[in-house]
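Quick look at start.cif (mmCIF, C-alpha atoms and all ligand atoms):
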data_query
#
loop_
_atom_site.label_atom_id
_atom_site.label_comp_id
_atom_site.auth_asym_id
_atom_site.auth_seq_id
_atom_site.Cartn_x
_atom_site.Cartn_y
_atom_site.Cartn_z
CA MET A 1 12.50 -30.13 8.90
CA ASP A 2 9.16 -28.73 7.95
CA ARG A 3 8.73 -25.10 7.11
CA VAL A 4 6.45 -24.60 10.12
CA ASP A 5 9.31 -25.57 12.43
CA LYS A 6 11.70 -22.89 11.20
CA PRO A 7 11.16 -19.65 13.18
CA PHE A 8 12.49 -17.51 10.30
CA LEU A 9 9.90 -18.90 7.85
CA ARG A 10 7.10 -18.58 10.42
CA ALA A 11 7.98 -14.90 10.89
CA LEU A 12 7.98 -14.39 7.11
CA ALA A 13 4.53 -15.99 6.98
CA GLY A 14 3.32 -13.21 9.31
CA GLU A 15 3.62 -14.82 12.74
CA ALA A 16 4.91 -12.68 15.64
CA VAL A 17 7.52 -15.28 16.68
CA TRP A 18 9.22 -14.35 20.00
CA PRO A 19 12.11 -14.19 20.67
CA PRO A 20 12.43 -13.01 17.09
CA PRO A 21 14.51 -14.97 14.60
CA ILE A 22 17.89 -13.44 13.81
CA TRP A 23 20.42 -13.51 10.96
CA LEU A 24 22.85 -10.81 9.86
CA MET A 25 23.65 -9.47 6.41
CA ARG A 26 27.26 -10.47 5.53
CA GLN A 27 27.31 -12.93 8.44
CA ALA A 28 29.79 -14.85 6.28
CA GLY A 29 32.72 -12.61 5.49
CA ARG A 30 36.02 -10.98 6.32
CA TYR A 31 35.38 -10.40 10.06
CA LEU A 32 35.82 -14.19 10.47
CA PRO A 33 39.41 -15.52 10.26
CA GLU A 34 38.11 -18.86 8.91
CA TYR A 35 36.48 -16.97 6.00
CA ARG A 36 39.75 -15.27 5.13
CA ALA A 37 41.53 -18.64 5.19
CA THR A 38 38.93 -20.26 2.90
CA LYS A 39 39.08 -17.35 0.44
CA GLU A 40 42.85 -17.78 0.32
CA LYS A 41 42.44 -21.51 -0.30
CA ALA A 42 40.02 -20.76 -3.17
CA GLY A 43 42.60 -18.46 -4.78
CA GLY A 44 40.52 -15.28 -4.66
CA PHE A 45 37.00 -13.94 -4.17
CA LEU A 46 35.59 -14.66 -7.66
CA GLU A 47 37.14 -18.14 -7.49
CA LEU A 48 35.43 -18.62 -4.12
CA CYS A 49 32.04 -17.57 -5.55
CA LEU A 50 32.42 -20.15 -8.35
CA ASN A 51 33.49 -22.99 -6.04
CA PRO A 52 30.33 -24.70 -4.69
CA GLU A 53 32.12 -26.68 -1.99
CA LEU A 54 33.99 -23.67 -0.56
CA SER A 55 31.03 -21.27 -0.98
CA ALA A 56 28.90 -23.70 1.02
CA GLU A 57 31.69 -23.98 3.59
CA VAL A 58 31.83 -20.21 4.19
CA THR A 59 28.02 -20.09 4.41
CA PHE A 60 28.22 -22.61 7.29
CA GLN A 61 31.07 -20.86 9.13
CA PRO A 62 28.95 -18.31 11.05
CA LEU A 63 26.40 -21.03 11.91
CA ARG A 64 29.09 -23.02 13.73
CA ARG A 65 29.74 -19.99 15.96
CA PHE A 66 26.27 -18.48 16.38
CA PRO A 67 22.75 -20.02 16.41
CA MET A 68 21.43 -18.03 13.43
CA ASP A 69 17.89 -18.70 12.19
CA ALA A 70 18.79 -18.17 8.54
CA ALA A 71 21.80 -18.57 6.27
CA ILE A 72 22.18 -16.55 3.08
CA LEU A 73 23.61 -18.08 -0.07
CA PHE A 74 27.25 -17.08 -0.30
CA THR A 75 27.79 -15.41 -3.64
CA ASP A 76 27.94 -11.77 -4.78
CA LEU A 77 25.46 -9.43 -6.40
CA PRO A 78 27.46 -8.87 -9.65
CA MET A 79 27.49 -12.63 -10.35
CA LEU A 80 24.19 -12.21 -12.23
CA PRO A 81 25.66 -9.64 -14.68
CA TRP A 82 28.66 -11.98 -14.93
CA ALA A 83 26.30 -14.86 -15.77
CA MET A 84 24.81 -12.72 -18.56
CA GLY A 85 28.29 -12.38 -20.06
CA GLN A 86 29.53 -9.09 -18.55
CA PRO A 87 33.26 -9.38 -17.62
CA LEU A 88 33.79 -9.11 -13.83
CA ARG A 89 36.86 -8.82 -11.65
CA TYR A 90 37.61 -7.68 -8.10
CA GLY A 91 39.81 -4.74 -7.17
CA GLN A 92 42.77 -5.31 -4.88
CA GLY A 93 42.50 -2.03 -2.99
CA GLY A 94 44.17 1.29 -3.91
CA ASP A 95 42.37 3.21 -6.66
CA ASP A 96 40.26 0.20 -7.55
CA GLY A 97 38.95 -0.23 -4.00
CA VAL A 98 38.06 -3.76 -2.89
CA GLY A 99 34.70 -4.11 -4.62
CA PRO A 100 33.46 -5.55 -7.91
CA ILE A 101 34.57 -4.04 -11.23
CA LEU A 102 32.42 -4.77 -14.30
CA GLU A 103 33.14 -3.72 -17.89
CA PRO A 104 30.50 -0.97 -18.16
CA VAL A 105 27.38 -1.47 -20.33
CA ARG A 106 26.44 1.98 -21.64
CA ASP A 107 24.97 1.70 -25.15
CA ALA A 108 22.38 -0.29 -27.09
CA ALA A 109 24.99 -2.62 -28.61
CA ALA A 110 26.43 -3.55 -25.20
CA ILE A 111 22.95 -4.22 -23.80
CA ALA A 112 22.02 -6.31 -26.86
CA ALA A 113 25.19 -8.38 -26.37
CA LEU A 114 24.05 -9.51 -22.90
CA ARG A 115 22.71 -13.05 -22.78
CA PRO A 116 19.89 -13.23 -20.19
CA GLN A 117 18.80 -16.58 -21.65
CA ASP A 118 22.16 -18.10 -20.59
CA ALA A 119 22.21 -16.65 -17.07
CA ALA A 120 20.70 -19.53 -15.11
CA LYS A 121 22.88 -22.05 -16.99
CA ARG A 122 26.13 -20.10 -16.59
CA ALA A 123 25.23 -19.73 -12.90
CA ALA A 124 25.07 -23.53 -12.51
CA PRO A 125 27.91 -23.56 -9.90
CA ILE A 126 25.86 -21.13 -7.79
CA MET A 127 22.84 -23.44 -8.01
CA GLU A 128 25.05 -26.31 -6.91
CA THR A 129 26.14 -24.16 -3.94
CA VAL A 130 22.46 -23.66 -3.03
CA ALA A 131 21.80 -27.41 -3.15
CA ARG A 132 24.88 -28.15 -1.02
CA ILE A 133 23.96 -25.54 1.59
CA ARG A 134 20.39 -26.81 1.83
CA ALA A 135 21.54 -30.40 2.29
CA GLY A 136 24.07 -29.34 4.96
CA LEU A 137 21.45 -27.32 6.83
CA GLU A 138 18.97 -30.20 6.90
CA LYS A 139 21.71 -32.39 8.34
CA ASP A 140 23.46 -30.11 10.85
CA HIS A 141 21.23 -27.03 11.39
CA PRO A 142 17.65 -28.25 10.85
CA GLY A 143 15.99 -25.12 12.25
CA THR A 144 17.95 -22.74 10.00
CA ALA A 145 16.36 -21.58 6.73
CA LEU A 146 18.19 -20.85 3.47
CA ILE A 147 17.81 -17.46 1.77
CA GLY A 148 18.66 -17.01 -1.91
CA PHE A 149 19.16 -13.52 -3.33
CA ALA A 150 19.78 -11.17 -6.20
CA GLY A 151 20.23 -7.45 -6.58
CA ALA A 152 16.97 -5.67 -7.36
CA PRO A 153 16.96 -4.29 -10.95
CA TRP A 154 17.99 -0.72 -10.03
CA THR A 155 20.98 -1.67 -7.86
CA THR A 156 22.14 -4.33 -10.34
CA ALA A 157 21.85 -1.77 -13.17
CA CYS A 158 23.95 0.69 -11.12
CA TYR A 159 26.88 -1.76 -11.07
CA MET A 160 26.35 -2.77 -14.72
CA VAL A 161 26.26 0.77 -16.12
CA ASP A 162 28.85 2.47 -13.89
CA GLY A 163 30.98 -0.64 -13.66
CA ARG A 164 31.90 -0.03 -10.01
CA GLY A 165 30.59 1.45 -6.78
CA GLY A 166 32.05 4.12 -4.56
CA HIS A 167 31.21 7.19 -6.63
CA GLY A 168 27.43 7.43 -6.41
CA PHE A 169 26.83 5.84 -9.84
CA PRO A 170 26.83 9.06 -11.92
CA GLU A 171 26.62 7.24 -15.29
CA THR A 172 23.52 5.28 -14.29
CA ARG A 173 21.85 8.42 -13.00
CA ARG A 174 22.78 10.23 -16.20
CA MET A 175 21.25 7.46 -18.29
CA ALA A 176 18.04 7.56 -16.20
CA GLY A 177 17.78 11.31 -16.86
CA GLU A 178 18.99 11.60 -20.45
CA ASN A 179 18.17 8.28 -22.07
CA PRO A 180 15.51 6.50 -20.00
CA ALA A 181 14.44 4.42 -23.04
CA LEU A 182 17.94 2.88 -23.15
CA LEU A 183 17.87 2.14 -19.43
CA GLU A 184 14.43 0.53 -19.90
CA THR A 185 15.93 -1.93 -22.39
CA LEU A 186 18.56 -2.89 -19.80
CA PHE A 187 15.81 -3.35 -17.19
CA ALA A 188 13.82 -5.60 -19.56
CA THR A 189 16.91 -7.78 -20.00
CA LEU A 190 17.56 -7.79 -16.26
CA LEU A 191 13.99 -8.77 -15.47
CA ASP A 192 14.25 -11.88 -17.66
CA ALA A 193 17.64 -12.84 -16.23
CA SER A 194 16.66 -12.16 -12.59
CA GLU A 195 13.48 -14.21 -12.90
CA ALA A 196 15.39 -17.22 -14.29
CA TYR A 197 18.24 -16.84 -11.76
CA LEU A 198 15.95 -16.56 -8.72
CA VAL A 199 13.60 -19.35 -9.80
CA ALA A 200 16.65 -21.58 -10.30
CA GLN A 201 17.78 -20.79 -6.72
CA ALA A 202 14.34 -21.66 -5.34
CA GLU A 203 14.31 -24.91 -7.32
CA ALA A 204 17.80 -25.77 -6.02
CA GLY A 205 16.61 -25.37 -2.40
CA ALA A 206 16.37 -21.69 -1.37
CA GLU A 207 13.40 -21.31 1.00
CA ALA A 208 13.04 -17.51 0.68
CA LEU A 209 14.45 -14.91 -1.71
CA MET A 210 15.76 -11.44 -0.89
CA LEU A 211 16.03 -8.56 -3.37
CA PHE A 212 18.82 -6.14 -2.37
CA ASP A 213 18.17 -2.58 -3.53
CA SER A 214 21.17 -1.12 -1.72
CA TRP A 215 21.11 2.08 -3.78
CA ALA A 216 17.32 2.71 -3.80
CA GLY A 217 17.99 5.83 -1.72
CA LEU A 218 19.84 7.59 -4.54
CA LEU A 219 16.67 8.34 -6.46
CA PRO A 220 14.26 11.30 -6.20
CA PRO A 221 10.54 10.38 -5.80
CA GLU A 222 9.70 10.02 -9.52
CA GLY A 223 12.86 8.01 -10.09
CA PHE A 224 12.05 5.81 -7.10
CA GLU A 225 8.64 5.05 -8.63
CA ARG A 226 10.02 4.32 -12.11
CA TRP A 227 13.27 2.51 -11.32
CA VAL A 228 12.59 0.89 -7.94
CA ILE A 229 8.88 0.31 -7.35
CA GLN A 230 7.70 -0.56 -10.88
CA PRO A 231 10.47 -2.98 -11.89
CA THR A 232 10.63 -4.66 -8.48
CA ALA A 233 6.83 -5.11 -8.52
CA ALA A 234 7.12 -6.60 -12.04
CA LEU A 235 9.79 -9.02 -10.82
CA THR A 236 7.86 -10.13 -7.72
CA ALA A 237 4.73 -10.62 -9.88
CA ARG A 238 6.69 -12.96 -12.14
CA LEU A 239 8.16 -14.79 -9.14
CA ARG A 240 4.65 -15.26 -7.72
CA VAL A 241 3.54 -16.87 -10.99
CA ARG A 242 6.53 -19.21 -11.00
CA LEU A 243 6.85 -19.98 -7.26
CA GLY A 244 3.28 -19.64 -6.00
CA PRO A 245 1.53 -17.00 -3.89
CA ASP A 246 3.00 -18.14 -0.57
CA TYR A 247 6.70 -18.30 -1.46
CA PRO A 248 8.45 -15.83 0.90
CA LEU A 249 9.99 -12.73 -0.71
CA ILE A 250 11.97 -10.02 1.15
CA GLY A 251 12.59 -6.56 -0.30
CA PHE A 252 15.36 -4.24 0.92
CA PRO A 253 14.98 -0.69 -0.43
CA ARG A 254 17.95 0.69 1.51
CA LEU A 255 17.84 4.37 2.50
CA ALA A 256 14.43 4.75 0.82
CA GLY A 257 13.02 6.61 3.86
CA ALA A 258 9.70 8.21 2.93
CA GLY A 259 9.38 5.82 -0.03
CA ILE A 260 9.06 2.70 2.16
CA PRO A 261 5.24 2.76 2.65
CA ALA A 262 4.63 3.01 -1.13
CA TYR A 263 7.19 0.23 -1.66
CA THR A 264 5.52 -2.20 0.75
CA ALA A 265 2.05 -1.30 -0.55
CA ARG A 266 2.93 -1.94 -4.21
CA VAL A 267 5.82 -4.42 -4.36
CA GLY A 268 4.48 -7.86 -3.48
CA VAL A 269 6.92 -8.75 -0.70
CA ASN A 270 6.24 -10.60 2.56
CA ALA A 271 8.91 -8.67 4.43
CA VAL A 272 10.83 -5.43 4.13
CA GLY A 273 14.38 -4.86 5.30
CA LEU A 274 14.86 -1.57 7.15
CA ASP A 275 18.20 0.24 7.22
CA GLU A 276 19.54 1.89 10.39
CA THR A 277 18.11 5.33 9.51
CA VAL A 278 14.50 4.09 9.95
CA ASP A 279 13.00 5.03 13.33
CA LEU A 280 11.21 1.92 14.64
CA LYS A 281 9.09 4.12 16.91
CA GLY A 282 7.76 6.07 13.92
CA PRO A 283 5.00 5.02 11.49
CA LEU A 284 5.84 1.66 9.88
CA PRO A 285 4.10 -0.56 7.34
CA SER A 286 1.74 -2.98 9.12
CA ASN A 287 1.03 -5.36 6.20
CA VAL A 288 4.48 -6.99 6.07
CA THR A 289 7.06 -8.57 8.37
CA LEU A 290 9.83 -6.12 9.30
CA GLN A 291 13.54 -6.98 9.26
CA GLY A 292 16.40 -4.91 10.64
CA ASN A 293 17.81 -2.54 11.68
CA LEU A 294 20.73 -2.35 14.15
CA ASP A 295 23.49 0.03 13.03
CA SER A 296 26.53 -2.04 11.97
CA LYS A 297 28.79 0.53 13.68
CA ILE A 298 27.17 -0.19 17.05
CA LEU A 299 27.99 -3.86 16.52
CA VAL A 300 31.62 -2.83 16.03
CA ALA A 301 31.48 -0.73 19.22
CA GLY A 302 29.91 -3.49 21.35
CA GLY A 303 29.48 -3.22 25.13
CA GLU A 304 26.76 -1.10 26.71
CA ALA A 305 26.02 0.80 23.47
CA LEU A 306 25.25 -2.49 21.74
CA ARG A 307 23.14 -3.79 24.65
CA ALA A 308 21.06 -0.60 24.80
CA ALA A 309 20.49 -0.33 21.05
CA THR A 310 19.50 -4.00 20.84
CA ALA A 311 17.08 -3.64 23.77
CA GLN A 312 15.50 -0.62 22.09
CA ILE A 313 14.84 -2.56 18.89
CA LEU A 314 13.41 -5.52 20.80
CA ASP A 315 11.12 -3.22 22.82
CA ALA A 316 9.85 -1.45 19.69
CA MET A 317 9.17 -4.71 17.81
CA ARG A 318 7.76 -6.94 20.57
CA GLY A 319 4.44 -8.44 19.47
CA ARG A 320 4.90 -7.90 15.72
CA PRO A 321 6.14 -10.18 12.97
CA PHE A 322 9.83 -9.26 13.08
CA ILE A 323 13.26 -10.62 12.09
CA PHE A 324 16.29 -9.15 13.85
CA ASN A 325 19.08 -8.01 11.52
CA LEU A 326 21.46 -5.13 10.92
CA GLY A 327 20.62 -2.05 8.85
CA HIS A 328 23.38 -3.05 6.39
CA GLY A 329 26.13 -5.68 6.26
CA ILE A 330 28.63 -6.60 8.99
CA THR A 331 31.88 -4.71 8.42
CA PRO A 332 35.30 -6.45 8.45
CA ASP A 333 36.37 -4.67 11.69
CA THR A 334 33.58 -6.34 13.74
CA PRO A 335 34.81 -8.49 16.66
CA PRO A 336 33.08 -11.90 16.42
CA GLU A 337 32.49 -11.79 20.23
CA HIS A 338 30.18 -8.83 19.70
CA VAL A 339 28.09 -10.91 17.29
CA ALA A 340 27.93 -13.68 19.92
CA ALA A 341 26.74 -11.19 22.57
CA LEU A 342 24.11 -9.76 20.21
CA VAL A 343 22.68 -13.15 19.30
CA GLU A 344 22.51 -14.17 22.98
CA GLN A 345 20.64 -11.02 23.90
CA VAL A 346 18.15 -11.38 21.03
CA LYS A 347 17.57 -15.05 21.94
CA ARG A 348 16.62 -13.94 25.47
CA GLY A 349 13.88 -11.82 23.83
O1 LIG A 401 26.78 -13.46 4.42
C1 LIG A 401 26.58 -12.77 3.37
O2 LIG A 401 25.74 -11.87 3.34
C2 LIG A 401 27.46 -13.10 2.19
C3 LIG A 401 26.86 -13.06 0.85
C4 LIG A 401 26.88 -11.70 0.14
C5 LIG A 401 28.04 -11.01 -0.35
N1 LIG A 401 27.62 -9.92 -1.05
C6 LIG A 401 29.46 -11.43 -0.18
C7 LIG A 401 30.56 -10.45 -0.35
C8 LIG A 401 25.77 -10.94 -0.21
C9 LIG A 401 24.30 -11.20 0.12
C10 LIG A 401 26.24 -9.83 -0.97
C11 LIG A 401 25.36 -8.83 -1.59
C12 LIG A 401 25.92 -7.62 -2.19
N2 LIG A 401 27.08 -7.50 -2.91
C13 LIG A 401 25.26 -6.37 -2.22
C14 LIG A 401 23.90 -6.07 -1.61
C15 LIG A 401 24.00 -5.86 -0.14
C16 LIG A 401 24.81 -4.67 0.28
O3 LIG A 401 25.88 -4.89 0.90
O4 LIG A 401 24.42 -3.53 -0.01
C17 LIG A 401 26.09 -5.45 -2.92
C18 LIG A 401 25.80 -4.00 -3.16
C19 LIG A 401 27.24 -6.18 -3.35
C20 LIG A 401 28.38 -5.68 -4.17
C21 LIG A 401 29.67 -5.78 -3.44
N3 LIG A 401 30.36 -6.95 -3.24
C22 LIG A 401 30.44 -4.72 -2.88
C23 LIG A 401 30.03 -3.26 -2.88
C24 LIG A 401 31.59 -5.30 -2.33
C25 LIG A 401 32.77 -4.57 -1.71
C26 LIG A 401 32.45 -3.97 -0.39
C27 LIG A 401 32.54 -4.98 0.72
O5 LIG A 401 31.67 -4.96 1.60
O6 LIG A 401 33.47 -5.76 0.69
C28 LIG A 401 31.50 -6.71 -2.52
C29 LIG A 401 32.45 -7.75 -2.08
C30 LIG A 401 31.91 -8.84 -1.19
N4 LIG A 401 30.70 -9.49 -1.31
C31 LIG A 401 32.61 -9.43 -0.10
C32 LIG A 401 31.78 -10.44 0.42
C33 LIG A 401 32.08 -11.37 1.57
C34 LIG A 401 34.03 -9.09 0.33
C35 LIG A 401 35.01 -9.55 -0.69
C36 LIG A 401 36.23 -10.22 -0.13
O7 LIG A 401 36.13 -11.08 0.79
O8 LIG A 401 37.32 -9.95 -0.65
#
Please, can you express the file's structure as structure tokens?
Ligand code: CP3
Amino acid sequence: MDRVDKPFLRALAGEAVWPPPIWLMRQAGRYLPEYRATKEKAGGFLELCLNPELSAEVTFQPLRRFPMDAAILFTDLPMLPWAMGQPLRYGQGGDDGVGPILEPVRDAAAIAALRPQDAAKRAAPIMETVARIRAGLEKDHPGTALIGFAGAPWTTACYMVDGRGGHGFPETRRMAGENPALLETLFATLLDASEAYLVAQAEAGAEALMLFDSWAGLLPPEGFERWVIQPTAALTARLRVRLGPDYPLIGFPRLAGAGIPAYTARVGVNAVGLDETVDLKGPLPSNVTLQGNLDSKILVAGGEALRAATAQILDAMRGRPFIFNLGHGITPDTPPEHVAALVEQVKRG
């Protein structure tokens, strides 16, 4: 199906499509029993991410339940550091938590040992996943667009330097304060790798790319300028050269608050993801499509709270280029019926 026939891509091109297109961050994941079964079949989460057939399968799972307007490539943010040669494993709970654990990169030798030139090649299974998803969408969900993604440089660096989340990334913040020149060398490496990785996704069939800066809100204003705005703008400039001026790019500077207007003015994105702390009735950037921002906890609650919050977002966004989403990912305790009710309400407009 042509790009013009996919509501999600029309909204990204600046059209006020109504009812607005909808997809949800982490729409594939642990809240779905079929996801848990497929992960088990793969033999673990990392194994799932490296299995193109099963990664494509879990990407399709939410689409069989809900008429989403976009699907996001199923893989994980630390797969790019992994593709550059940084050892990655997943914690099993307890002290390790359940998230990614990378062998930290904290000195010049460790940064020099990374192999950005190999990233796109080592990520070949992920590119095969992209191609499989795109083919499956064209066949079974022709109006649904495929989003590729990577972490933005700052958030990816947070996981690479600290090695794990959950503690506010003290080592990365220390490096930014005490040895910014060292952190700059990591960012230069990341920029090369991210460009190659994202261009490869677009060439394999991704129709839009999203840059997740989940930890953009950790930085004070000068840090936000240096570690979020400048490197993300450099990356989008490179992507524009490689993919053309009209290729849709989405930025998500989570919890950036007062930094969002500067971000949308300077980072060349078509759309900005808004987290649940952004007031949609307040001043908002008018030069980009907006995406967001229902609180994931209200989706867990469901019922009248969910109906009212959804109606409020729809009322605030009516008439503008908008894509309905959450403010952050779906959590594992979300009842799938609540997702069904949300999508129905949004589709009524
Ligand atoms: O539908 C989708 O959105 C699935 C694709 C996807 C995953 N991770 C799968 C995943 C995407 C787009 C991501 C991005 C991601 N990964 C981000 C940016 C967005 C955000 O949530 O802020 C970040 C920071 C990560 C790193 C990460 N991966 C964390 C912190 C965790 C543990 C916390 C959690 O939510 O589980 C993961 C694990 C992860 N990534 C899971 C999934 C489905 C759960 C792992 C499992 O099933 O065992």
How close does each residue of chain A get to ligand LIG 401 (chain A), giving the shortest atom pair and distance in Å to one decimal for every residue with an atom at most 7 Å away, counting all atoms listed in the file, sorted by chain and residue number, as a Markdown table?
| residue | atom | partner | partner_atom | distance |
| --- | --- | --- | --- | --- |
| A:Met25 | CA | A:LIG401 | O2 | 4.4 |
| A:Arg26 | CA | A:LIG401 | O2 | 3.0 |
| A:Gln27 | CA | A:LIG401 | O1 | 4.1 |
| A:Ala28 | CA | A:LIG401 | O1 | 3.8 |
| A:Gly29 | CA | A:LIG401 | C33 | 4.2 |
| A:Arg30 | CA | A:LIG401 | O7 | 5.5 |
| A:Lys39 | CA | A:LIG401 | O7 | 6.9 |
| A:Phe45 | CA | A:LIG401 | O8 | 5.3 |
| A:Thr59 | CA | A:LIG401 | O1 | 6.7 |
| A:Ile72 | CA | A:LIG401 | O1 | 5.7 |
| A:Leu73 | CA | A:LIG401 | C3 | 6.1 |
| A:Phe74 | CA | A:LIG401 | C3 | 4.2 |
| A:Thr75 | CA | A:LIG401 | C3 | 5.2 |
| A:Asp76 | CA | A:LIG401 | N1 | 4.2 |
| A:Leu77 | CA | A:LIG401 | N2 | 4.3 |
| A:Pro78 | CA | A:LIG401 | C20 | 6.4 |
| A:Val98 | CA | A:LIG401 | C25 | 5.5 |
| A:Gly99 | CA | A:LIG401 | C25 | 3.5 |
| A:Pro100 | CA | A:LIG401 | N3 | 5.8 |
| A:Phe149 | CA | A:LIG401 | C9 | 6.6 |
| A:Gly151 | CA | A:LIG401 | C14 | 6.3 |
| A:Gly165 | CA | A:LIG401 | C23 | 6.1 |
| A:Phe212 | CA | A:LIG401 | C14 | 5.1 |
| A:Asp213 | CA | A:LIG401 | C14 | 7.0 |
| A:Ser214 | CA | A:LIG401 | O4 | 4.4 |
| A:His328 | CA | A:LIG401 | O3 | 6.3 |
| A:Gly329 | CA | A:LIG401 | O3 | 5.4 |
| A:Thr331 | CA | A:LIG401 | O5 | 6.8 |
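Between atom CA of Asp275 of chain A and atom CA of Glu304 of chain A there is a distance of 21.3 Å.
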What separates atom CA of Ala262 of chain A and atom CA of Asn325 of chain A is a distance of 22.1 Å
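Between atom CA of Gly292 of chain A and atom CA of Leu314 of chain A lies a distance of 10.6 Å.
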Would you pick out the contacts of Arg164 of chain A at 9 Å or less, using only C-alpha atoms, so that residues sharing its chain but fewer than 6 positions from it are not included, and give the list as a PDB file with C-alpha atoms, keeping the file's coordinate frame?
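Written file, selection36.pdb:
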ATOM      1  CA  ASP A  96      40.260   0.200  -7.550  1.00  0.00           C
ATOM      2  CA  GLY A  99      34.700  -4.110  -4.620  1.00  0.00           C
ATOM      3  CA  PRO A 100      33.460  -5.550  -7.910  1.00  0.00           C
ATOM      4  CA  ILE A 101      34.570  -4.040 -11.230  1.00  0.00           C
ATOM      5  CA  LEU A 102      32.420  -4.770 -14.300  1.00  0.00           C
ATOM      6  CA  GLU A 103      33.140  -3.720 -17.890  1.00  0.00           C
ATOM      7  CA  PRO A 104      30.500  -0.970 -18.160  1.00  0.00           C
ATOM      8  CA  CYS A 158      23.950   0.690 -11.120  1.00  0.00           C
TER       9      CYS A 158
END
Determine, for each residue of segment 60-145 of chain A having at least one atom at most 8 Å from an atom of segment 191-204 of chain A, the closest pair of atoms and their separation in Å to one decimal, counting only C-alpha atoms; order by chain and ascending number, as a Markdown table.
| residue | atom | partner | partner_atom | distance |
| --- | --- | --- | --- | --- |
| A:Leu80 | CA | A:Ser194 | CA | 7.5 |
| A:Met84 | CA | A:Ala193 | CA | 7.5 |
| A:Pro116 | CA | A:Ala193 | CA | 4.6 |
| A:Gln117 | CA | A:Ala193 | CA | 6.7 |
| A:Ala119 | CA | A:Ala193 | CA | 6.0 |
| A:Ala120 | CA | A:Tyr197 | CA | 5.0 |
| A:Ala123 | CA | A:Tyr197 | CA | 7.6 |
| A:Met127 | CA | A:Gln201 | CA | 5.9 |
| A:Glu128 | CA | A:Ala204 | CA | 7.3 |
| A:Val130 | CA | A:Ala204 | CA | 5.9 |
| A:Ala131 | CA | A:Ala204 | CA | 5.2 |
Which centre and which edge lengths, in Å to one decimal, describe the axis-aligned box that holds all listed atoms of segment 57-72 of chain A after 6 Å is added on each side, as lines of an AutoDock Vina configuration file?
center_x = 24.9
center_y = -20.3
center_z = 9.7
size_x = 25.9
size_y = 19.4
size_z = 25.3
Contact residues around Arg132 of chain A with all atoms listed in the file at 10 Å, ignoring same-chain residues under 3 positions, as a compact mmCIF listing (two decimals) with C-alpha atoms, keeping the file's coordinate frame:
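File selection.txt, as written:
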# COMPACT_ATOMS: atom_id res chain seq x y z
CA PRO A 52 30.33 -24.70 -4.69
CA GLU A 53 32.12 -26.68 -1.99
CA SER A 55 31.03 -21.27 -0.98
CA ALA A 56 28.90 -23.70 1.02
CA GLU A 57 31.69 -23.98 3.59
CA ILE A 126 25.86 -21.13 -7.79
CA MET A 127 22.84 -23.44 -8.01
CA GLU A 128 25.05 -26.31 -6.91
CA THR A 129 26.14 -24.16 -3.94
CA ALA A 135 21.54 -30.40 2.29
CA GLY A 136 24.07 -29.34 4.96
CA LEU A 137 21.45 -27.32 6.83
CA ALA A 204 17.80 -25.77 -6.02
CA GLY A 205 16.61 -25.37 -2.40
